[in-house]
Amino acid sequence: MPRITITVDGIRYEEDVEPRLLLVHLLRERLGKTGTPIGCDTSNCGACTVMLDGRSAKSCSVLAVQADGCDVVTIEGLGADGSMHPMQRAFHEEHALQCGYCTPGMVMAAIDLLRNDPDPSEETIRHGLEGNLCRCTGYCNIVRAVKRGAQEMGQEVRTS
């Protein structure tokens with residue numbers, strides 16, 4: 001069995017993994033990162049989106065062995081010192097969820113979207129989140145949350 005080294009939410013792990021083990025299963029079953037849900041196992045819904053070396057990736061479409069040597073950030077690893085990340089806070093304040101199942105992936109995809117466009121238009125947000133499905137909302141609150149999160153993240157950058 002291959003041995004991988006992976007950093008998840010700032011903690012380094014060494015794990016023996018079967019070559020066919022998906023990253024999402026490693027995160028949830030071995031490392032206890034249950035905030036990353038398994039939505040479809042086919043990369044269609046985006047619920048399992050995490051940051052892989054600073055870019056969003058659907059963890060159900062990445063083998064754990066492919067993440068060897070990588071830095072992974074899950075929804076649990078976003079906040080600092082027990083506080084929510086500005087995008088998490090924006091989703092909460094804008095009521096951008098109903099059942100909440102898609103929310104971790106939406107938050108991660110939104111943060112990645114802002115990496116290239118810190119002040120996106122509504123159209124850009126909708127396009128940027130196309131790979132993340134929500135079956136409960138009409139996306140209006142999600143779009144508002146991403147706009148608000150972008151503003152708050154921009155304020156944090158300017159004040160630090």
# chains A, B, ... in the order shown; residues from 1 in each chain; ligands from 1
>>> residues_around(residues="region 17-32 of chain A", least_positions_apart="4", cutoff="9 Å", atoms="only C-alpha atoms", output="compact mmCIF listing (two decimals) with N, CA, C and O atoms, in the first residue's frame")
# COMPACT_ATOMS: atom_id res chain seq x y z
N MET A 1 0.84 -1.18 0.00
CA MET A 1 0.00 0.00 0.00
C MET A 1 0.89 1.24 0.00
O MET A 1 1.82 1.34 0.79
N PRO A 2 0.57 2.20 -0.86
CA PRO A 2 1.36 3.44 -0.88
C PRO A 2 1.20 4.25 0.41
O PRO A 2 0.13 4.28 1.01
N ARG A 3 2.26 4.90 0.81
CA ARG A 3 2.24 5.79 1.97
C ARG A 3 2.29 7.22 1.43
O ARG A 3 3.14 7.55 0.62
N ILE A 4 1.35 8.03 1.89
CA ILE A 4 1.32 9.43 1.46
C ILE A 4 1.54 10.34 2.66
O ILE A 4 1.29 9.97 3.80
N VAL A 8 -3.41 18.64 6.10
CA VAL A 8 -4.83 18.97 6.08
C VAL A 8 -5.11 19.95 7.21
O VAL A 8 -4.84 19.66 8.38
N TYR A 13 -0.09 14.74 8.02
CA TYR A 13 -0.45 13.34 8.25
C TYR A 13 0.36 12.45 7.33
O TYR A 13 0.65 12.82 6.19
N THR A 36 -16.75 17.97 5.17
CA THR A 36 -16.70 17.78 3.71
C THR A 36 -17.67 16.65 3.38
O THR A 36 -17.34 15.48 3.58
N PRO A 37 -18.88 16.98 2.88
CA PRO A 37 -19.86 15.93 2.63
C PRO A 37 -19.59 15.16 1.33
O PRO A 37 -18.93 15.66 0.43
N ILE A 38 -20.12 13.96 1.28
CA ILE A 38 -20.11 13.18 0.05
C ILE A 38 -21.48 13.38 -0.58
O ILE A 38 -22.49 12.96 -0.03
N ASP A 41 -20.30 11.44 -5.50
CA ASP A 41 -19.19 10.55 -5.90
C ASP A 41 -18.92 10.57 -7.41
O ASP A 41 -18.26 9.69 -7.93
N CYS A 48 -18.38 18.34 -2.07
CA CYS A 48 -17.13 17.89 -1.43
C CYS A 48 -15.94 18.78 -1.77
O CYS A 48 -14.79 18.39 -1.53
N THR A 49 -16.18 19.96 -2.28
CA THR A 49 -15.09 20.85 -2.70
C THR A 49 -14.21 21.25 -1.52
O THR A 49 -14.71 21.63 -0.46
N LYS A 58 -12.81 19.13 -6.37
CA LYS A 58 -13.85 18.23 -5.88
C LYS A 58 -13.16 16.98 -5.37
O LYS A 58 -12.60 16.20 -6.15
N SER A 59 -13.21 16.78 -4.06
CA SER A 59 -12.43 15.71 -3.45
C SER A 59 -12.94 14.31 -3.78
O SER A 59 -12.24 13.34 -3.52
N CYS A 60 -14.12 14.21 -4.40
CA CYS A 60 -14.60 12.90 -4.84
C CYS A 60 -14.00 12.51 -6.18
O CYS A 60 -14.19 11.39 -6.64
N SER A 61 -13.28 13.43 -6.80
CA SER A 61 -12.67 13.12 -8.10
C SER A 61 -11.14 13.12 -8.02
O SER A 61 -10.47 13.07 -9.04
N VAL A 62 -10.61 13.16 -6.80
CA VAL A 62 -9.16 13.14 -6.59
C VAL A 62 -8.84 11.91 -5.76
O VAL A 62 -9.44 11.69 -4.70
N LEU A 63 -7.90 11.11 -6.24
CA LEU A 63 -7.44 9.98 -5.45
C LEU A 63 -6.52 10.50 -4.34
O LEU A 63 -5.78 11.47 -4.55
N ALA A 64 -6.56 9.85 -3.20
CA ALA A 64 -5.71 10.27 -2.09
C ALA A 64 -4.23 10.25 -2.50
O ALA A 64 -3.48 11.15 -2.12
N VAL A 65 -3.82 9.27 -3.32
CA VAL A 65 -2.42 9.21 -3.74
C VAL A 65 -2.04 10.40 -4.61
O VAL A 65 -0.88 10.81 -4.65
N GLN A 66 -3.01 10.99 -5.30
CA GLN A 66 -2.75 12.18 -6.10
C GLN A 66 -2.50 13.41 -5.23
O GLN A 66 -1.91 14.38 -5.68
N ALA A 67 -2.96 13.36 -3.99
CA ALA A 67 -2.79 14.48 -3.07
C ALA A 67 -1.52 14.34 -2.23
O ALA A 67 -1.29 15.16 -1.33
N THR A 74 -9.96 22.19 4.35
CA THR A 74 -11.38 21.83 4.35
C THR A 74 -12.17 22.98 4.96
O THR A 74 -11.60 23.94 5.48
>>> select_by_dssp(residues="region 22-133 of chain A", states="strand (DSSP E or B)", output="PyMOL selection string")
chain A and resi 22+49-52+55-58+63+71-73
>>> closest_residue(among="A:Gly131, A:Pro120, A:Gly79, A:Gly54", to="Thr42 (chain A)", atoms="only C-alpha atoms")
A:Gly131
>>> select_by_dssp(residues="chain A", states="alpha helix (DSSP H)", output="NGL selection string")
:A and (23-25 or 86-93 or 103-116 or 122-128 or 140-159)
>>> closest_residue(among="A:Cys134, A:Gln88, A:Glu123, A:Gly82", to="Ala150 (chain A)", atoms="only C-alpha atoms")
A:Gln88
>>> residues_around(residues="Tyr101 (chain A)", least_positions_apart="4", cutoff="12 Å", atoms="only C-alpha atoms", output="PyMOL selection string")
chain A and resi 34-40+45-49+96-97+105-107+132-137
>>> residues_around(residues="Thr124 (chain A)", least_positions_apart="6", cutoff="10 Å", atoms="only C-alpha atoms", output="PyMOL selection string")
chain A and resi 113+117+130+143
>>> write_last_selection(atoms="C-alpha atoms", output="PDB file, in the first residue's frame")
ATOM      1  CA  LEU A 113     -13.538  32.395  -7.346  1.00  0.00           C
ATOM      2  CA  ASP A 117     -11.735  38.302  -9.153  1.00  0.00           C
ATOM      3  CA  GLU A 130     -21.842  26.453 -11.876  1.00  0.00           C
ATOM      4  CA  VAL A 143     -24.947  35.179  -4.727  1.00  0.00           C
TER       5      VAL A 143
END
>>> decode(residues="region 88-152 of chain A", atoms="C-alpha atoms", output="mmCIF file, in the first residue's frame")
data_model
loop_
_atom_site.group_PDB
_atom_site.id
_atom_site.type_symbol
_atom_site.label_atom_id
_atom_site.label_comp_id
_atom_site.auth_asym_id
_atom_site.auth_seq_id
_atom_site.Cartn_x
_atom_site.Cartn_y
_atom_site.Cartn_z
ATOM 1 C CA GLN A 88 -18.609 31.469 6.156
ATOM 2 C CA ARG A 89 -19.896 34.458 8.115
ATOM 3 C CA ALA A 90 -21.413 35.970 4.966
ATOM 4 C CA PHE A 91 -23.245 32.729 4.145
ATOM 5 C CA HIS A 92 -24.621 32.684 7.686
ATOM 6 C CA GLU A 93 -25.637 36.348 7.719
ATOM 7 C CA GLU A 94 -27.241 36.240 4.253
ATOM 8 C CA HIS A 95 -29.131 33.012 5.039
ATOM 9 C CA ALA A 96 -27.474 31.387 2.025
ATOM 10 C CA LEU A 97 -28.493 27.867 2.933
ATOM 11 C CA GLN A 98 -31.494 25.785 3.719
ATOM 12 C CA CYS A 99 -30.493 22.192 4.380
ATOM 13 C CA GLY A 100 -26.789 23.161 4.394
ATOM 14 C CA TYR A 101 -25.521 20.106 2.541
ATOM 15 C CA CYS A 102 -24.017 22.063 -0.356
ATOM 16 C CA THR A 103 -22.749 24.921 1.804
ATOM 17 C CA PRO A 104 -19.180 23.695 2.482
ATOM 18 C CA GLY A 105 -18.536 23.223 -1.225
ATOM 19 C CA MET A 106 -20.180 26.525 -2.107
ATOM 20 C CA VAL A 107 -18.034 28.386 0.424
ATOM 21 C CA MET A 108 -14.827 26.769 -0.836
ATOM 22 C CA ALA A 109 -15.696 27.415 -4.493
ATOM 23 C CA ALA A 110 -16.605 31.033 -3.695
ATOM 24 C CA ILE A 111 -13.263 31.640 -2.009
ATOM 25 C CA ASP A 112 -11.462 30.193 -5.015
ATOM 26 C CA LEU A 113 -13.538 32.395 -7.346
ATOM 27 C CA LEU A 114 -12.391 35.483 -5.435
ATOM 28 C CA ARG A 115 -8.751 34.523 -5.879
ATOM 29 C CA ASN A 116 -8.982 35.709 -9.504
ATOM 30 C CA ASP A 117 -11.735 38.302 -9.153
ATOM 31 C CA PRO A 118 -11.982 39.991 -5.739
ATOM 32 C CA ASP A 119 -15.059 42.016 -6.777
ATOM 33 C CA PRO A 120 -17.136 39.745 -9.036
ATOM 34 C CA SER A 121 -20.396 40.670 -10.698
ATOM 35 C CA GLU A 122 -23.538 38.607 -10.124
ATOM 36 C CA GLU A 123 -23.015 36.971 -13.516
ATOM 37 C CA THR A 124 -19.406 36.079 -12.653
ATOM 38 C CA ILE A 125 -20.504 34.570 -9.332
ATOM 39 C CA ARG A 126 -23.225 32.488 -10.965
ATOM 40 C CA HIS A 127 -20.782 31.282 -13.612
ATOM 41 C CA GLY A 128 -18.077 30.586 -11.021
ATOM 42 C CA LEU A 129 -20.420 28.436 -8.942
ATOM 43 C CA GLU A 130 -21.842 26.453 -11.876
ATOM 44 C CA GLY A 131 -20.134 23.262 -10.716
ATOM 45 C CA ASN A 132 -21.781 23.439 -7.296
ATOM 46 C CA LEU A 133 -25.415 22.439 -7.058
ATOM 47 C CA CYS A 134 -27.983 23.489 -4.492
ATOM 48 C CA ARG A 135 -31.310 21.734 -4.623
ATOM 49 C CA CYS A 136 -32.992 23.898 -1.967
ATOM 50 C CA THR A 137 -32.407 27.550 -2.814
ATOM 51 C CA GLY A 138 -32.847 29.754 -5.830
ATOM 52 C CA TYR A 139 -29.199 30.851 -5.472
ATOM 53 C CA CYS A 140 -30.166 34.494 -4.796
ATOM 54 C CA ASN A 141 -28.978 34.404 -1.179
ATOM 55 C CA ILE A 142 -25.864 32.475 -2.203
ATOM 56 C CA VAL A 143 -24.947 35.179 -4.727
ATOM 57 C CA ARG A 144 -25.576 37.876 -2.085
ATOM 58 C CA ALA A 145 -23.410 35.960 0.379
ATOM 59 C CA VAL A 146 -20.524 35.728 -2.089
ATOM 60 C CA LYS A 147 -20.754 39.485 -2.759
ATOM 61 C CA ARG A 148 -20.789 40.193 0.977
ATOM 62 C CA GLY A 149 -17.957 37.751 1.620
ATOM 63 C CA ALA A 150 -15.914 39.410 -1.121
ATOM 64 C CA GLN A 151 -16.425 42.797 0.522
ATOM 65 C CA GLU A 152 -15.493 41.492 3.971
#
